[in-house]
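Working notes for the structure below.
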Amino acid sequence: MSYNENFLVIPAKFPTFVPEDPKFHAEWDILSLSIALVGIEPGGFMAKGVAGGSQLGRTRTGVIVSRGVAADGVRVGGRITLDRSSVALHVVGIAPTATYGHVALVYAPIALWRQATYGQVTGGVLPASAQGLASAAALQVRPGIDVSAVGTHLGVDIVTKQQAYAGSPGYVAETATMSLIIDFLYVIAALIVGAFFTVWTIQRKADIGLLKALGASNGLVIRDALGQVALVMAAATAAGALVGSGIGSLIPGGTVPFALQTGAIVTAAVILAVAGLVGSLVAVRRIAAVDPIIALGAAS
Amino acid sequence: MTARDVTADTMTDRGGLRLEQVCLRYADGDGEVVALDDVSLTVDPGEMVAVVGASGSGKSSLLAVAGAMRQPDSGHIYVGGTAVTGVPAKQRSTLRHDRVGFVFQGSNLLASLTALEQLELVGRIGRAPRAATRTKALALLEEVGLAAKAGRRPGQLSGGERQRVGIARALMADPAVLLVDEPTSALDHQRAIDIVSLLVEETHRHRIATLMVTHDRSLARLADRVIEMRDGRLEPAGAPSER
């Protein structure tokens with residue numbers, strides 16, 4: 001059986017799903033931590049997606065912490081205590097960086113999660129009414145299944161993984177802000193490149209006039225200029241991508257939400273080069289207006 | 001090309017330079033300045049004509065229209081037997097490359113290119129074969145006495161040497177007409193004489209129609225003919241004995 005996508009079932013009217021904030025304050029040794037606790041079924045597909053997930057469920061209180069928690073000094077074998085419920089979590093593994101609303105994740109067996117989440121006001125004792133409750137459930141479905149029809153039938157909302165990300169706190173606002181900043185940077189890059197090549201063209205005005213006086217047509221001079229622009233843009237973009245990647249690789253991924261992806265770098269470089277070329281067209285247009293007569297009376 | 005142009009083509013053999021009743025006016029505030037006033041002039045192949053005159057007399061305007069950089073308001077201009085008046089800009093670029101050589105004031109070389117590359121640039125503009133262009137460029141540098149300095153950039157050459165490179169560059173496309181703009185303005189008197197003498201020599205050797213504008217009457221005397229320009233009009237400068 002193959003699955004094409006993960007879906008998340010989130011509460012609508014279905015009584016089994018009760019929304020809960022997964023964020024907790026916790027203590028490790030003398031440190032105070034903020035964690036986001038996620039309950040998953042040991043042995044289920046979600047556990048298989050977590051590095052070291054096979055450790056989950058071997059003990060009732062064993063949890064796997066993501067690297068952001070480990071960065072605070074938490075080690076395998078350590079014990080984390082949740083502040084209000086006093087539920088103890090024993091660290092049995094460390095998974096790669098994962099966060100929910102910028103808070104590092106801790107993966108727990110679903111039963112432990114229920115005890116921590118619904119037992120906060122009862123000193124860690126799970127009320128009978130909370131048996132079987134969950135905030136949401138993850139689904140893996142076969143291709144072709146109409147998940148929206150299933151959701152309507154059950155009285156729940158079913159969303160894609162990407163839609164679920166968008167539903168996490170601040171995600172849309174933050175990504176929209178970042179996208180806006182990136183888009184503006186492309187526009188600014190085009191303006192800067194345009195300004196650079198405008199100054200470049202003005203400085204070369206005498207040379208361009210000379211070339212025209214020697215018989216070079218507008219087309220030849222513009223093609224020559226565009227060729228030079230393309231070379232400069234390619235070299236500058238490649239250098240920028242290398243320097244950016246170099247500096248980016250120095251940023252610790254565990255503490256800063258930053259990832260270097262080849263596809264994103266290549267896409268940004270291509271957009272930057274194209275934006276630069278568009279910006280330079282304004283400058284290149286000036287070349288057509290240079291009068292060869294300036295070569296007469298010009299000093300070398 | 002008009003019937004008149006074809007007639008002119010046959011009239012001027014390989015083609016020198018001919019201006020017929022050329023007028024050029026510039027707007028100047030509310031009024032206008034007459035830069036060229038009914039100018040007629042013929043420079044035959046193998047002849048060097050010097051035009052002398054004060055600043056603002058119209059010398060540069062004369063070169064501009066003769067070199068197809070400006071279209072006159074009226075009159076006709078024939079360069080190497082081809083009419084240049086009423087011709088679109090792109091064709092005038094081609095004509096400038098194929099039939100006109102320019103020697104500019106202060107040489108006007110590109111600072112980043114060597115002497116050889118300055119000449120090869122003309123070949124590139126005309127899309128001439130690379131090997132033939134190099135051979136010709138080296139031969140011309142030899143002709144102006146700069147074969148040994150072909151690899152030098154303008155900053156590594158003296159003022160006289162730069163102007164020699166400029167002359168060699170002007171000869172690269174085998175022009176019918178050579179237009180020379182104050183070629184000695186940055187040179188001492190002896191070097192100025194050397195440069196003008198070289199221009200005379202090349203004019204005769206390549207049978208080019210050369211028109212040189214200068215403010216220096218003593219140098220103008222080295223030309224085959226001297227014409228005075230005053231307020232946009234051409235006047236004979238007198239017999240050789242009077243110069």
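Letters A, B, ... go to the chains of the structure tokens in the order shown; residues in each chain start at 1; ligands are counted from 1 in the same order.
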Exercise for the section: Considering only C-alpha atoms, return as a VMD selection string whatever protein or nucleic-acid residues lie within 9 Å of segment 257-267 of chain A, sequence-local ones (same chain, fewer than 6 positions apart) excluded. Expected result: chain A and resid 99 102 241 244 to 245 248 to 249 251
Practice task
as an MDAnalysis selection string, please: all residues of segment 47-235 of chain B that backbone DSSP puts in strand (DSSP E or B).
Solution key: chainID B and resid 48:52 74:79 82:83 100:103 177:181 209:214 225:230 233:235
Residues of chain B that have any atom at most 6 Å from an atom of chain A: could you tabulate them with the shortest-distance atom pair and the distance in Å to one decimal, using only C-alpha atoms, ordered by chain and increasing number, as a Markdown table?
```
| residue | atom | partner | partner_atom | distance |
| --- | --- | --- | --- | --- |
| B:Ser93 | CA | A:Gly215 | CA | 4.5 |
| B:Thr94 | CA | A:Gly215 | CA | 5.7 |
| B:Arg96 | CA | A:Gly215 | CA | 5.0 |
| B:His97 | CA | A:Gly215 | CA | 4.1 |
| B:Gln105 | CA | A:Gly297 | CA | 5.7 |
| B:Gly106 | CA | A:Ala299 | CA | 5.0 |
| B:Asn108 | CA | A:Ser300 | CA | 4.2 |
| B:Ile125 | CA | A:Ala216 | CA | 5.7 |
```
Exercise for the section: Give me the residues within 9 Å of Gly78 of chain A as a ChimeraX atom specification, counting only C-alpha atoms and dropping any in the same chain fewer than 4 places off. Expected result: /A:28-29,74,89-92
Selection: 8 Å around segment 86-88 of chain A, only C-alpha atoms, excl. self and same-chain fewer than 3 positions, as a PDB file with C-alpha atoms, in the first residue's frame:
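Below is the file that was written, around_7.pdb:
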```
ATOM      1  CA  THR A  61       7.281   7.926  30.457  1.00  0.00           C
ATOM      2  CA  ARG A  79      14.369  13.641  33.355  1.00  0.00           C
ATOM      3  CA  ILE A  80      12.131  16.581  32.465  1.00  0.00           C
ATOM      4  CA  THR A  81       9.361  17.595  34.820  1.00  0.00           C
ATOM      5  CA  LEU A  82       6.314  19.466  33.531  1.00  0.00           C
ATOM      6  CA  ASP A  83       5.593  22.297  35.890  1.00  0.00           C
ATOM      7  CA  GLN A 115      -1.890  12.557  31.162  1.00  0.00           C
ATOM      8  CA  ALA A 116       0.258  15.690  30.799  1.00  0.00           C
ATOM      9  CA  GLY A 123      -1.867  16.805  39.582  1.00  0.00           C
ATOM     10  CA  GLY A 124      -1.066  14.560  36.660  1.00  0.00           C
TER      11      GLY A 124
END
```
Handout entry: Residues within 6 Å of segment 217-228 of chain B, only C-alpha atoms, excluding chain neighbours under 4 positions, as a PyMOL selection string
Key = chain B and resi 48-53+234-237
Selected residues written out with all heavy atoms, as a PDB file, in the first residue's frame:
```pdb
ATOM      1  N   MET B  48      44.858  66.307 -49.498  1.00  0.00           N
ATOM      2  CA  MET B  48      44.592  66.682 -48.107  1.00  0.00           C
ATOM      3  C   MET B  48      44.266  68.163 -48.054  1.00  0.00           C
ATOM      4  O   MET B  48      45.060  68.997 -48.464  1.00  0.00           O
ATOM      5  CB  MET B  48      45.810  66.396 -47.233  1.00  0.00           C
ATOM      6  CG  MET B  48      45.602  66.797 -45.786  1.00  0.00           C
ATOM      7  SD  MET B  48      46.808  65.995 -44.726  1.00  0.00           S
ATOM      8  CE  MET B  48      46.616  66.936 -43.233  1.00  0.00           C
ATOM      9  N   VAL B  49      43.084  68.447 -47.551  1.00  0.00           N
ATOM     10  CA  VAL B  49      42.625  69.833 -47.428  1.00  0.00           C
ATOM     11  C   VAL B  49      42.569  70.190 -45.952  1.00  0.00           C
ATOM     12  O   VAL B  49      42.018  69.443 -45.150  1.00  0.00           O
ATOM     13  CB  VAL B  49      41.230  70.005 -48.068  1.00  0.00           C
ATOM     14  CG1 VAL B  49      40.664  71.391 -47.781  1.00  0.00           C
ATOM     15  CG2 VAL B  49      41.309  69.758 -49.563  1.00  0.00           C
ATOM     16  N   ALA B  50      43.174  71.316 -45.617  1.00  0.00           N
ATOM     17  CA  ALA B  50      43.122  71.801 -44.233  1.00  0.00           C
ATOM     18  C   ALA B  50      42.122  72.942 -44.152  1.00  0.00           C
ATOM     19  O   ALA B  50      42.115  73.825 -45.011  1.00  0.00           O
ATOM     20  CB  ALA B  50      44.494  72.270 -43.787  1.00  0.00           C
ATOM     21  N   VAL B  51      41.282  72.888 -43.148  1.00  0.00           N
ATOM     22  CA  VAL B  51      40.332  73.981 -42.912  1.00  0.00           C
ATOM     23  C   VAL B  51      40.754  74.665 -41.618  1.00  0.00           C
ATOM     24  O   VAL B  51      40.853  74.020 -40.567  1.00  0.00           O
ATOM     25  CB  VAL B  51      38.890  73.442 -42.782  1.00  0.00           C
ATOM     26  CG1 VAL B  51      37.925  74.572 -42.429  1.00  0.00           C
ATOM     27  CG2 VAL B  51      38.457  72.784 -44.086  1.00  0.00           C
ATOM     28  N   VAL B  52      41.031  75.940 -41.719  1.00  0.00           N
ATOM     29  CA  VAL B  52      41.428  76.694 -40.528  1.00  0.00           C
ATOM     30  C   VAL B  52      40.319  77.677 -40.176  1.00  0.00           C
ATOM     31  O   VAL B  52      39.525  78.085 -41.033  1.00  0.00           O
ATOM     32  CB  VAL B  52      42.760  77.455 -40.743  1.00  0.00           C
ATOM     33  CG1 VAL B  52      43.913  76.487 -40.895  1.00  0.00           C
ATOM     34  CG2 VAL B  52      42.674  78.387 -41.939  1.00  0.00           C
ATOM     35  N   GLY B  53      40.293  78.009 -38.929  1.00  0.00           N
ATOM     36  CA  GLY B  53      39.274  78.961 -38.505  1.00  0.00           C
ATOM     37  C   GLY B  53      39.256  79.050 -36.996  1.00  0.00           C
ATOM     38  O   GLY B  53      39.771  78.176 -36.290  1.00  0.00           O
ATOM     39  N   LEU B 234      32.941  78.961 -46.143  1.00  0.00           N
ATOM     40  CA  LEU B 234      34.305  78.617 -46.556  1.00  0.00           C
ATOM     41  C   LEU B 234      34.836  79.685 -47.499  1.00  0.00           C
ATOM     42  O   LEU B 234      34.122  80.149 -48.400  1.00  0.00           O
ATOM     43  CB  LEU B 234      34.326  77.266 -47.270  1.00  0.00           C
ATOM     44  CG  LEU B 234      34.099  76.022 -46.410  1.00  0.00           C
ATOM     45  CD1 LEU B 234      34.122  74.775 -47.294  1.00  0.00           C
ATOM     46  CD2 LEU B 234      35.153  75.910 -45.317  1.00  0.00           C
ATOM     47  N   GLU B 235      36.102  80.065 -47.296  1.00  0.00           N
ATOM     48  CA  GLU B 235      36.742  81.050 -48.167  1.00  0.00           C
ATOM     49  C   GLU B 235      38.146  80.563 -48.459  1.00  0.00           C
ATOM     50  O   GLU B 235      38.800  80.016 -47.573  1.00  0.00           O
ATOM     51  CB  GLU B 235      36.834  82.407 -47.455  1.00  0.00           C
ATOM     52  CG  GLU B 235      35.482  82.975 -47.068  1.00  0.00           C
ATOM     53  CD  GLU B 235      35.616  84.151 -46.111  1.00  0.00           C
ATOM     54  OE1 GLU B 235      36.764  84.527 -45.787  1.00  0.00           O
ATOM     55  OE2 GLU B 235      34.581  84.669 -45.691  1.00  0.00           O
ATOM     56  N   PRO B 236      38.647  80.753 -49.662  1.00  0.00           N
ATOM     57  CA  PRO B 236      40.032  80.357 -49.954  1.00  0.00           C
ATOM     58  C   PRO B 236      40.985  81.104 -49.029  1.00  0.00           C
ATOM     59  O   PRO B 236      40.783  82.275 -48.725  1.00  0.00           O
ATOM     60  CB  PRO B 236      40.237  80.777 -51.405  1.00  0.00           C
ATOM     61  CG  PRO B 236      38.857  80.943 -51.959  1.00  0.00           C
ATOM     62  CD  PRO B 236      37.986  81.353 -50.821  1.00  0.00           C
ATOM     63  N   ALA B 237      42.015  80.376 -48.562  1.00  0.00           N
ATOM     64  CA  ALA B 237      42.952  81.015 -47.633  1.00  0.00           C
ATOM     65  C   ALA B 237      44.101  81.690 -48.340  1.00  0.00           C
ATOM     66  O   ALA B 237      45.036  82.162 -47.729  1.00  0.00           O
ATOM     67  CB  ALA B 237      43.493  79.973 -46.669  1.00  0.00           C
TER      68      ALA B 237
END
```
Handout entry: Spatial neighbours of Gly101 of chain B, 9 Å, only C-alpha atoms, chain gap at least 5 places, as a ChimeraX atom specification
Key = /A:214 /B:67,96,167,169-180
Practice task
Determine which residues of segment 85-135 of chain B DSSP labels as helix (DSSP H, G or I) from the backbone of this structure, then write them out as a list in words.
Solution key: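 The helix (DSSP H, G or I) residues within segment 85-135 of chain B come out as Ala89, Lys90, Gln91, Arg92, Ser93, Thr94, Leu95, Arg96, His97, Asp98, Arg99, Ala115, Leu116, Glu117, Gln118, Leu119, Glu120, Leu121, Val122, Gly123, Arg124, Ile125, Arg130, Ala131, Ala132, Thr133, Arg134 and Thr135 of chain B.
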How would the residues just picked look written out with N, CA, C and O atoms as an mmCIF file, in the first residue's frame?
```cif
data_model
loop_
_atom_site.group_PDB
_atom_site.id
_atom_site.type_symbol
_atom_site.label_atom_id
_atom_site.label_comp_id
_atom_site.auth_asym_id
_atom_site.auth_seq_id
_atom_site.Cartn_x
_atom_site.Cartn_y
_atom_site.Cartn_z
ATOM 1 N N ALA B 89 19.745 56.219 -39.937
ATOM 2 C CA ALA B 89 20.873 56.198 -38.993
ATOM 3 C C ALA B 89 21.698 54.917 -39.106
ATOM 4 O O ALA B 89 22.926 54.955 -39.058
ATOM 5 N N LYS B 90 21.028 53.771 -39.247
ATOM 6 C CA LYS B 90 21.766 52.508 -39.278
ATOM 7 C C LYS B 90 22.688 52.442 -40.503
ATOM 8 O O LYS B 90 23.834 52.007 -40.421
ATOM 9 N N GLN B 91 22.155 52.927 -41.647
ATOM 10 C CA GLN B 91 22.982 52.923 -42.864
ATOM 11 C C GLN B 91 24.137 53.912 -42.735
ATOM 12 O O GLN B 91 25.215 53.684 -43.271
ATOM 13 N N ARG B 92 23.873 55.005 -42.020
ATOM 14 C CA ARG B 92 24.961 55.972 -41.834
ATOM 15 C C ARG B 92 26.072 55.380 -40.957
ATOM 16 O O ARG B 92 27.242 55.661 -41.157
ATOM 17 N N SER B 93 25.686 54.524 -39.992
ATOM 18 C CA SER B 93 26.702 53.836 -39.167
ATOM 19 C C SER B 93 27.575 52.958 -40.057
ATOM 20 O O SER B 93 28.804 52.960 -39.952
ATOM 21 N N THR B 94 26.923 52.210 -40.929
ATOM 22 C CA THR B 94 27.660 51.330 -41.845
ATOM 23 C C THR B 94 28.573 52.146 -42.747
ATOM 24 O O THR B 94 29.743 51.798 -42.961
ATOM 25 N N LEU B 95 28.021 53.255 -43.221
ATOM 26 C CA LEU B 95 28.802 54.111 -44.122
ATOM 27 C C LEU B 95 30.014 54.701 -43.390
ATOM 28 O O LEU B 95 31.109 54.774 -43.941
ATOM 29 N N ARG B 96 29.799 55.095 -42.142
ATOM 30 C CA ARG B 96 30.922 55.641 -41.364
ATOM 31 C C ARG B 96 32.014 54.593 -41.227
ATOM 32 O O ARG B 96 33.193 54.898 -41.335
ATOM 33 N N HIS B 97 31.590 53.347 -40.983
ATOM 34 C CA HIS B 97 32.597 52.307 -40.819
ATOM 35 C C HIS B 97 33.317 52.009 -42.128
ATOM 36 O O HIS B 97 34.543 51.878 -42.172
ATOM 37 N N ASP B 98 32.547 51.916 -43.204
ATOM 38 C CA ASP B 98 33.114 51.444 -44.470
ATOM 39 C C ASP B 98 33.873 52.522 -45.235
ATOM 40 O O ASP B 98 34.810 52.224 -45.964
ATOM 41 N N ARG B 99 33.456 53.775 -45.105
ATOM 42 C CA ARG B 99 34.013 54.800 -46.008
ATOM 43 C C ARG B 99 34.690 55.964 -45.321
ATOM 44 O O ARG B 99 35.321 56.786 -45.981
ATOM 45 N N ALA B 115 47.375 48.957 -28.304
ATOM 46 C CA ALA B 115 47.395 49.610 -29.619
ATOM 47 C C ALA B 115 46.824 48.669 -30.678
ATOM 48 O O ALA B 115 46.011 49.070 -31.519
ATOM 49 N N LEU B 116 47.244 47.400 -30.618
ATOM 50 C CA LEU B 116 46.770 46.428 -31.606
ATOM 51 C C LEU B 116 45.251 46.236 -31.482
ATOM 52 O O LEU B 116 44.533 46.188 -32.484
ATOM 53 N N GLU B 117 44.777 46.135 -30.262
ATOM 54 C CA GLU B 117 43.338 45.911 -30.043
ATOM 55 C C GLU B 117 42.494 47.108 -30.497
ATOM 56 O O GLU B 117 41.352 46.940 -30.928
ATOM 57 N N GLN B 118 43.075 48.321 -30.399
ATOM 58 C CA GLN B 118 42.337 49.511 -30.861
ATOM 59 C C GLN B 118 42.007 49.363 -32.354
ATOM 60 O O GLN B 118 40.914 49.710 -32.806
ATOM 61 N N LEU B 119 42.985 48.811 -33.088
ATOM 62 C CA LEU B 119 42.787 48.637 -34.531
ATOM 63 C C LEU B 119 41.862 47.446 -34.817
ATOM 64 O O LEU B 119 40.999 47.506 -35.698
ATOM 65 N N GLU B 120 42.062 46.388 -34.041
ATOM 66 C CA GLU B 120 41.235 45.187 -34.261
ATOM 67 C C GLU B 120 39.768 45.462 -33.968
ATOM 68 O O GLU B 120 38.881 44.822 -34.539
ATOM 69 N N LEU B 121 39.511 46.421 -33.091
ATOM 70 C CA LEU B 121 38.136 46.788 -32.763
ATOM 71 C C LEU B 121 37.366 47.212 -34.023
ATOM 72 O O LEU B 121 36.199 46.873 -34.202
ATOM 73 N N VAL B 122 38.057 47.926 -34.896
ATOM 74 C CA VAL B 122 37.412 48.372 -36.146
ATOM 75 C C VAL B 122 37.020 47.150 -36.985
ATOM 76 O O VAL B 122 35.929 47.099 -37.569
ATOM 77 N N GLY B 123 37.905 46.146 -37.000
ATOM 78 C CA GLY B 123 37.592 44.910 -37.719
ATOM 79 C C GLY B 123 36.407 44.190 -37.104
ATOM 80 O O GLY B 123 35.554 43.644 -37.812
ATOM 81 N N ARG B 124 36.338 44.205 -35.763
ATOM 82 C CA ARG B 124 35.212 43.545 -35.077
ATOM 83 C C ARG B 124 33.899 44.240 -35.411
ATOM 84 O O ARG B 124 32.871 43.591 -35.610
ATOM 85 N N ILE B 125 33.941 45.573 -35.432
ATOM 86 C CA ILE B 125 32.712 46.316 -35.754
ATOM 87 C C ILE B 125 32.240 45.948 -37.157
ATOM 88 O O ILE B 125 31.045 45.768 -37.399
ATOM 89 N N ARG B 130 38.991 37.456 -38.268
ATOM 90 C CA ARG B 130 39.915 37.829 -37.199
ATOM 91 C C ARG B 130 41.380 37.821 -37.647
ATOM 92 O O ARG B 130 42.135 38.759 -37.364
ATOM 93 N N ALA B 131 41.763 36.774 -38.363
ATOM 94 C CA ALA B 131 43.175 36.641 -38.759
ATOM 95 C C ALA B 131 43.569 37.767 -39.710
ATOM 96 O O ALA B 131 44.636 38.389 -39.565
ATOM 97 N N ALA B 132 42.696 38.031 -40.680
ATOM 98 C CA ALA B 132 42.993 39.094 -41.656
ATOM 99 C C ALA B 132 43.052 40.449 -40.948
ATOM 100 O O ALA B 132 43.899 41.309 -41.280
ATOM 101 N N THR B 133 42.176 40.643 -39.987
ATOM 102 C CA THR B 133 42.157 41.899 -39.241
ATOM 103 C C THR B 133 43.475 42.096 -38.509
ATOM 104 O O THR B 133 44.063 43.177 -38.532
ATOM 105 N N ARG B 134 43.957 41.028 -37.873
ATOM 106 C CA ARG B 134 45.215 41.140 -37.118
ATOM 107 C C ARG B 134 46.383 41.448 -38.050
ATOM 108 O O ARG B 134 47.219 42.314 -37.763
ATOM 109 N N THR B 135 46.410 40.767 -39.181
ATOM 110 C CA THR B 135 47.495 40.989 -40.142
ATOM 111 C C THR B 135 47.501 42.448 -40.598
ATOM 112 O O THR B 135 48.541 43.105 -40.639
#
```
Problem - Which of B:Thr203, B:Ser74, B:Thr214, B:Gln190 sits closest to Gly46 of chain B [using only C-alpha atoms] - result: B:Thr203
Handout entry: Residue contacts of segment 194-198 of chain B (8 Å, only C-alpha atoms) excluding same-chain residues fewer than 2 positions away, as a list in words
Key = Val144, Gly160, Gln163, Arg164, Pro183, Thr184, Gln190, Arg191, Ala192, Val200, Glu201, Glu202, Leu219 and Leu222 of chain B
Output all heavy atoms of each residue in that selection to a file, as a CSV table (one decimal), in the first residue's frame.
```
chain,number,residue,atom,x,y,z
B,144,VAL,N,52.9,53.2,-39.3
B,144,VAL,CA,53.0,54.4,-38.6
B,144,VAL,C,54.2,54.4,-37.5
B,144,VAL,O,54.3,55.2,-36.7
B,144,VAL,CB,51.7,54.7,-37.8
B,144,VAL,CG1,50.6,54.9,-38.8
B,144,VAL,CG2,51.3,53.7,-36.8
B,160,GLY,N,52.3,61.7,-29.0
B,160,GLY,CA,52.5,61.5,-30.4
B,160,GLY,C,52.2,60.1,-30.9
B,160,GLY,O,51.6,59.8,-31.9
B,163,GLN,N,48.5,59.4,-31.0
B,163,GLN,CA,47.9,59.9,-32.2
B,163,GLN,C,48.3,59.1,-33.4
B,163,GLN,O,47.4,58.9,-34.3
B,163,GLN,CB,48.4,61.4,-32.4
B,163,GLN,CG,47.5,62.2,-33.3
B,163,GLN,CD,46.0,62.1,-32.9
B,163,GLN,OE1,45.3,61.1,-33.2
B,163,GLN,NE2,45.5,63.2,-32.3
B,164,ARG,N,49.4,58.5,-33.4
B,164,ARG,CA,49.8,57.6,-34.5
B,164,ARG,C,48.9,56.3,-34.5
B,164,ARG,O,48.5,55.8,-35.6
B,164,ARG,CB,51.3,57.1,-34.4
B,164,ARG,CG,52.3,58.2,-34.9
B,164,ARG,CD,53.7,57.8,-34.5
B,164,ARG,NE,54.6,58.9,-34.8
B,164,ARG,CZ,55.2,59.1,-36.0
B,164,ARG,NH1,55.0,58.2,-36.9
B,164,ARG,NH2,55.9,60.2,-36.2
B,183,PRO,N,44.2,67.4,-34.8
B,183,PRO,CA,45.0,66.2,-34.4
B,183,PRO,C,46.2,66.5,-33.5
B,183,PRO,O,46.9,65.6,-33.0
B,183,PRO,CB,45.5,65.7,-35.8
B,183,PRO,CG,45.6,66.8,-36.6
B,183,PRO,CD,44.5,67.8,-36.2
B,184,THR,N,46.6,67.8,-33.4
B,184,THR,CA,47.8,68.1,-32.7
B,184,THR,C,47.6,69.0,-31.5
B,184,THR,O,48.5,69.6,-30.9
B,184,THR,CB,48.7,68.9,-33.7
B,184,THR,OG1,48.1,70.1,-34.1
B,184,THR,CG2,49.1,68.1,-34.9
B,190,GLN,N,57.1,70.2,-32.7
B,190,GLN,CA,57.8,69.3,-33.6
B,190,GLN,C,57.0,68.0,-33.8
B,190,GLN,O,56.8,67.5,-34.9
B,190,GLN,CB,59.2,68.9,-33.0
B,190,GLN,CG,60.0,68.1,-33.9
B,190,GLN,CD,60.2,68.7,-35.3
B,190,GLN,OE1,60.5,69.8,-35.5
B,190,GLN,NE2,59.8,67.9,-36.3
B,191,ARG,N,56.4,67.5,-32.7
B,191,ARG,CA,55.6,66.3,-32.8
B,191,ARG,C,54.3,66.6,-33.6
B,191,ARG,O,53.8,65.7,-34.4
B,191,ARG,CB,55.1,65.8,-31.4
B,191,ARG,CG,56.3,65.1,-30.8
B,191,ARG,CD,55.9,64.5,-29.5
B,191,ARG,NE,57.0,63.8,-28.9
B,191,ARG,CZ,57.0,63.4,-27.6
B,191,ARG,NH1,56.0,63.6,-26.8
B,191,ARG,NH2,58.1,62.8,-27.1
B,192,ALA,N,53.8,67.8,-33.5
B,192,ALA,CA,52.6,68.2,-34.3
B,192,ALA,C,53.0,68.2,-35.8
B,192,ALA,O,52.2,67.7,-36.6
B,192,ALA,CB,52.2,69.6,-33.9
B,200,VAL,N,49.7,63.6,-44.2
B,200,VAL,CA,49.9,63.9,-45.6
B,200,VAL,C,50.4,62.7,-46.4
B,200,VAL,O,49.9,62.3,-47.5
B,200,VAL,CB,50.9,65.1,-45.8
B,200,VAL,CG1,51.2,65.3,-47.3
B,200,VAL,CG2,50.3,66.4,-45.2
B,201,GLU,N,51.4,62.0,-45.8
B,201,GLU,CA,52.0,60.8,-46.4
B,201,GLU,C,51.0,59.7,-46.6
B,201,GLU,O,50.9,59.1,-47.7
B,201,GLU,CB,53.1,60.4,-45.4
B,201,GLU,CG,54.1,59.4,-46.0
B,201,GLU,CD,55.0,59.0,-44.9
B,201,GLU,OE1,55.6,59.8,-44.1
B,201,GLU,OE2,55.3,57.7,-44.8
B,202,GLU,N,50.2,59.5,-45.6
B,202,GLU,CA,49.2,58.4,-45.7
B,202,GLU,C,48.1,58.8,-46.7
B,202,GLU,O,47.5,57.9,-47.4
B,202,GLU,CB,48.5,58.1,-44.3
B,202,GLU,CG,49.5,57.6,-43.2
B,202,GLU,CD,50.1,56.3,-43.6
B,202,GLU,OE1,49.5,55.5,-44.4
B,202,GLU,OE2,51.2,56.0,-43.1
B,219,LEU,N,50.6,74.6,-39.3
B,219,LEU,CA,50.5,73.2,-39.6
B,219,LEU,C,49.6,73.0,-40.9
B,219,LEU,O,49.9,72.1,-41.7
B,219,LEU,CB,49.9,72.4,-38.4
B,219,LEU,CG,50.7,72.3,-37.2
B,219,LEU,CD1,49.9,71.7,-36.0
B,219,LEU,CD2,52.0,71.5,-37.4
B,222,LEU,N,51.1,72.5,-44.3
B,222,LEU,CA,51.6,71.2,-44.8
B,222,LEU,C,50.6,70.5,-45.7
B,222,LEU,O,51.0,69.5,-46.4
B,222,LEU,CB,52.0,70.3,-43.6
B,222,LEU,CG,53.1,70.8,-42.7
B,222,LEU,CD1,53.2,70.0,-41.4
B,222,LEU,CD2,54.4,70.9,-43.4
```
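Atom CA of Ser168 of chain A sits 23.7 Å away from atom CA of Ser32 of chain A.
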Handout entry: d(atom CA of Lys23 of chain A, atom CA of Tyr165 of chain A) in Å
Key =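 About the pair atom CA of Lys23 of chain A and atom CA of Tyr165 of chain A: they are 16.0 Å apart.
Going from atom CA of Leu146 of chain B to atom CA of Arg205 of chain B covers 17.7 Å.
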